[in-house]
Amino acid sequence: MAAGQEQRRRRVVLFPLPFQGHVTPMLQLAALLHGRGLAVTVLHTCFNAPDPRRHPELTFVPIHETTLPDEVTSAADIVTQLLALNAACEAPFRDALASLLRRGHHQVADDDDDDVACAVVDGQCYAALRAARQLGVPALALRTDSAATFLCMLAYPRLRDAGFVPIKEERLDDLVPGLEPLRARDLIRVDGSDTAALCGYIARVADAVRGSASGVVVNTFEAIEALALAKIRGDLSRPAFAVGPLHLLSPAPAAQGLLRAPDRGCLAWLDARAPRSVLYVSLGSVARVARATFEEMAWGLAGSGAPFLWVVRPGLVAGDGEEAPPLPDGFAEATEGRGKVVAWAPQREVLAHRAVGAFWTHCGWNSTLESVGEGVPMLAQPCFADQTVNARYVTHEWGVGMEVGEEVERGRVAEAVAKLMAGEDGARMRDKARSLQIQASAATSSSMDGLVRFMLSRRNANV
Ligand code: UDP
């Protein structure tokens, strides 16, 4: 039997968590697996459901999670959201997977196309990992963050025992043993959530991977995270497949997986700009900033004199609910002719546009990889969660960006933007970003081949 035919008989079940930064890489992985002959079913929550019409090659099945508490849909901190989501998904995910397995059994006699080889679930969904294990389905955890972040999560219990966590003011600049180049100040943090809650959540994630996963799949590539990947493999004693950058390797078009409609008008606006003249500004899909910070950002942009494209997402300002935040009085006039504000941008196309010279980013992992993939240097404004880890790698390890500063202040912003767009430091960072881009585009799909072989070698306990 030809390898392709054999592969066509196996099905992989994917389960992303319903956030932009999680759905996107999971659907990119889905496209890659489908391209290698595997049948793919995406189980998904009804909340923030992906649009099946955009992915005709995949099968979508809603799990009908229990009603999500307000915590998930409102502005609660991310730990509270993730705990609530896990609780709401556990039983419905198990039922949906069990139902797929039953269907598979019934079809085996005449058509074994539906034999579930394995599941890939969002690495933050410890409940789904456990549920798959209970059903005897081999499960892999997809890390939609960096290898360094995941290593940090695996190390958290040790760091807590060693007194590094909770982070102490006087140790903020100490390098964290085993996690260099991270300093204590770069460790995962969640404002508004106490350390005990964060540690408890991280322990659940780490325990689920150790106890229930056959391995991990990480959206990264060896050239930028070889050491962190090696440490993860050593710690877990099981495979960690570095299959990224998924957005470069996946055949999925840039717009697939987007939960909001992008304002494509900004591409025509960019067309009329000089090469590398525009600063693209976006803090991703979930970060919220205080109104005072938002205003400092605005006036910093105004003071920098640089042309800019700014994503002001509804909900960006804390306390505004899901409303579009009003721009400060006088801002439009002060930046007339050189600034464009949109509610949501086609980010990958924006970063690939020749007019874009730098990216002011919160350093979400997808945004970081997208910027690396286009050779665009970054101004880092990490807000929470893994963003501090990514910002440290961007600025210190790879040298492709600089921090906007602990406090966002208009004068410092204007200075940093000028440095990055036109200064010598910026030119150095741009050179480094270009060489990282070359390494990113040289990342091969060999790790994906290894992942597919691994999946096909799995036998779920129900077959
Ligand atoms: N994104 C986009 N348009 C925007 C802002 C963000 O398409 O205006 C996409 C971006 O390309 C990335 C994702 O949203 O793929 C954000 O993921 P990331 O991990 O960077 O941050 P998160 O939103 O999870 O904090």
# chains A, B, ... in the order shown; residues from 1 in each chain; ligands from 1
$ residues_around --residues "Val289 of chain A" --least-positions-apart "4" --cutoff "10 Å" --atoms "only C-alpha atoms" --output "ChimeraX atom specification"
/A:283,293-295,315-319,383
$ residues_around --residues "Ala443 of chain A" --least-positions-apart "3" --cutoff "8 Å" --atoms "only C-alpha atoms" --output "MDAnalysis selection string"
chainID A and resid 221:223 244:245 439:440
$ write_last_selection --atoms "C-alpha atoms" --output "PDB file, in the first residue's frame"
ATOM      1  CA  PHE A 221      11.896  26.408  15.040  1.00  0.00           C
ATOM      2  CA  GLU A 222      15.228  25.003  16.136  1.00  0.00           C
ATOM      3  CA  ALA A 223      17.346  27.942  14.932  1.00  0.00           C
ATOM      4  CA  GLY A 244       7.039  26.274  13.169  1.00  0.00           C
ATOM      5  CA  PRO A 245       6.844  28.899  12.088  1.00  0.00           C
ATOM      6  CA  GLN A 439      16.609  31.332   9.168  1.00  0.00           C
ATOM      7  CA  ALA A 440      12.831  31.278   9.593  1.00  0.00           C
TER       8      ALA A 440
END
$ select_by_dssp --residues "segment 30-110 of chain A" --states "strand (DSSP E or B)" --output "NGL selection string"
:A and (39-44 or 59-62)
$ residues_around --residues "Thr66 of chain A" --least-positions-apart "4" --cutoff "12 Å" --atoms "only C-alpha atoms" --output "PDB file with N, CA and C atoms, in the first residue's frame"
ATOM      1  N   THR A  45     -15.283  24.977  20.482  1.00  0.00           N
ATOM      2  CA  THR A  45     -16.330  25.545  21.330  1.00  0.00           C
ATOM      3  C   THR A  45     -17.303  26.334  20.448  1.00  0.00           C
ATOM      4  N   CYS A  46     -18.503  26.536  20.951  1.00  0.00           N
ATOM      5  CA  CYS A  46     -19.455  27.384  20.212  1.00  0.00           C
ATOM      6  C   CYS A  46     -19.060  28.850  20.381  1.00  0.00           C
ATOM      7  N   PHE A  47     -18.450  29.156  21.517  1.00  0.00           N
ATOM      8  CA  PHE A  47     -17.933  30.511  21.755  1.00  0.00           C
ATOM      9  C   PHE A  47     -16.762  30.743  20.799  1.00  0.00           C
ATOM     10  N   PRO A  62     -18.941  21.116  16.714  1.00  0.00           N
ATOM     11  CA  PRO A  62     -19.004  21.891  17.969  1.00  0.00           C
ATOM     12  C   PRO A  62     -19.148  20.955  19.166  1.00  0.00           C
ATOM     13  N   VAL A  72     -15.339  34.230  31.188  1.00  0.00           N
ATOM     14  CA  VAL A  72     -14.654  33.952  29.938  1.00  0.00           C
ATOM     15  C   VAL A  72     -14.894  35.053  28.918  1.00  0.00           C
ATOM     16  N   ALA A  84     -11.986  28.681  33.884  1.00  0.00           N
ATOM     17  CA  ALA A  84     -13.412  28.548  33.570  1.00  0.00           C
ATOM     18  C   ALA A  84     -13.614  27.787  32.260  1.00  0.00           C
ATOM     19  N   LEU A  85     -12.770  28.092  31.288  1.00  0.00           N
ATOM     20  CA  LEU A  85     -12.899  27.405  29.997  1.00  0.00           C
ATOM     21  C   LEU A  85     -12.629  25.911  30.137  1.00  0.00           C
ATOM     22  N   ASN A  86     -11.588  25.586  30.874  1.00  0.00           N
ATOM     23  CA  ASN A  86     -11.266  24.174  31.078  1.00  0.00           C
ATOM     24  C   ASN A  86     -12.444  23.444  31.718  1.00  0.00           C
ATOM     25  N   ALA A  87     -13.025  24.088  32.740  1.00  0.00           N
ATOM     26  CA  ALA A  87     -14.149  23.448  33.438  1.00  0.00           C
ATOM     27  C   ALA A  87     -15.333  23.272  32.488  1.00  0.00           C
ATOM     28  N   ALA A  88     -15.580  24.296  31.649  1.00  0.00           N
ATOM     29  CA  ALA A  88     -16.753  24.258  30.760  1.00  0.00           C
ATOM     30  C   ALA A  88     -16.575  23.251  29.622  1.00  0.00           C
ATOM     31  N   CYS A  89     -15.328  22.932  29.286  1.00  0.00           N
ATOM     32  CA  CYS A  89     -15.077  22.083  28.108  1.00  0.00           C
ATOM     33  C   CYS A  89     -14.872  20.614  28.445  1.00  0.00           C
ATOM     34  N   GLU A  90     -14.515  20.298  29.680  1.00  0.00           N
ATOM     35  CA  GLU A  90     -14.041  18.938  29.952  1.00  0.00           C
ATOM     36  C   GLU A  90     -15.049  17.857  29.540  1.00  0.00           C
ATOM     37  N   ALA A  91     -16.245  17.895  30.122  1.00  0.00           N
ATOM     38  CA  ALA A  91     -17.217  16.838  29.822  1.00  0.00           C
ATOM     39  C   ALA A  91     -17.699  16.915  28.366  1.00  0.00           C
ATOM     40  N   PRO A  92     -18.053  18.097  27.844  1.00  0.00           N
ATOM     41  CA  PRO A  92     -18.498  18.156  26.446  1.00  0.00           C
ATOM     42  C   PRO A  92     -17.412  17.692  25.457  1.00  0.00           C
ATOM     43  N   PHE A  93     -16.158  18.001  25.744  1.00  0.00           N
ATOM     44  CA  PHE A  93     -15.079  17.536  24.859  1.00  0.00           C
ATOM     45  C   PHE A  93     -15.013  16.012  24.915  1.00  0.00           C
TER      46      PHE A  93
END
$ residues_near_ligand --ligand "ligand 1" --cutoff "6 Å" --atoms "only C-alpha atoms and all ligand atoms" --output "JSON, numbers by chain"
{"A": [20, 21, 282, 284, 285, 286, 287, 311, 344, 345, 346, 347, 348, 364, 365, 366, 367]}
$ write_last_selection --atoms "N, CA and C atoms" --output "mmCIF file, in the first residue's frame"
data_model
loop_
_atom_site.group_PDB
_atom_site.id
_atom_site.type_symbol
_atom_site.label_atom_id
_atom_site.label_comp_id
_atom_site.auth_asym_id
_atom_site.auth_seq_id
_atom_site.Cartn_x
_atom_site.Cartn_y
_atom_site.Cartn_z
ATOM 1 N N GLN A 20 -7.927 34.083 19.455
ATOM 2 C CA GLN A 20 -7.291 34.264 18.152
ATOM 3 C C GLN A 20 -5.907 33.628 18.087
ATOM 4 N N GLY A 21 -5.106 33.886 19.116
ATOM 5 C CA GLY A 21 -3.727 33.400 19.115
ATOM 6 C C GLY A 21 -3.623 31.885 19.247
ATOM 7 N N SER A 282 0.220 47.256 17.125
ATOM 8 C CA SER A 282 -0.907 46.421 17.532
ATOM 9 C C SER A 282 -0.537 45.654 18.785
ATOM 10 N N GLY A 284 -2.362 43.006 19.737
ATOM 11 C CA GLY A 284 -2.978 41.684 19.652
ATOM 12 C C GLY A 284 -4.459 41.678 19.964
ATOM 13 N N SER A 285 -4.959 40.482 20.277
ATOM 14 C CA SER A 285 -6.413 40.310 20.364
ATOM 15 C C SER A 285 -6.973 40.353 21.775
ATOM 16 N N VAL A 286 -6.136 40.271 22.797
ATOM 17 C CA VAL A 286 -6.683 40.219 24.162
ATOM 18 C C VAL A 286 -6.149 41.264 25.137
ATOM 19 N N ALA A 287 -4.944 41.755 24.904
ATOM 20 C CA ALA A 287 -4.353 42.682 25.885
ATOM 21 C C ALA A 287 -5.219 43.935 26.024
ATOM 22 N N VAL A 311 -3.646 49.649 15.264
ATOM 23 C CA VAL A 311 -4.856 48.855 15.506
ATOM 24 C C VAL A 311 -5.419 49.230 16.869
ATOM 25 N N TRP A 344 -9.102 46.435 13.197
ATOM 26 C CA TRP A 344 -8.444 45.128 13.061
ATOM 27 C C TRP A 344 -7.746 45.127 11.704
ATOM 28 N N ALA A 345 -6.514 44.707 11.673
ATOM 29 C CA ALA A 345 -5.730 44.758 10.433
ATOM 30 C C ALA A 345 -5.492 43.348 9.882
ATOM 31 N N PRO A 346 -5.265 43.230 8.574
ATOM 32 C CA PRO A 346 -4.802 41.941 8.043
ATOM 33 C C PRO A 346 -3.302 41.828 8.356
ATOM 34 N N GLN A 347 -2.992 41.455 9.585
ATOM 35 C CA GLN A 347 -1.630 41.668 10.119
ATOM 36 C C GLN A 347 -0.519 41.036 9.292
ATOM 37 N N ARG A 348 -0.748 39.822 8.854
ATOM 38 C CA ARG A 348 0.355 39.164 8.115
ATOM 39 C C ARG A 348 0.665 39.915 6.833
ATOM 40 N N GLY A 364 2.968 39.062 21.659
ATOM 41 C CA GLY A 364 2.262 37.781 21.638
ATOM 42 C C GLY A 364 3.092 36.863 20.739
ATOM 43 N N TRP A 365 3.020 35.571 20.972
ATOM 44 C CA TRP A 365 3.940 34.682 20.252
ATOM 45 C C TRP A 365 3.660 34.658 18.745
ATOM 46 N N ASN A 366 2.386 34.691 18.355
ATOM 47 C CA ASN A 366 2.091 34.685 16.916
ATOM 48 C C ASN A 366 2.624 35.959 16.266
ATOM 49 N N SER A 367 2.385 37.090 16.922
ATOM 50 C CA SER A 367 2.868 38.359 16.371
ATOM 51 C C SER A 367 4.389 38.347 16.281
#
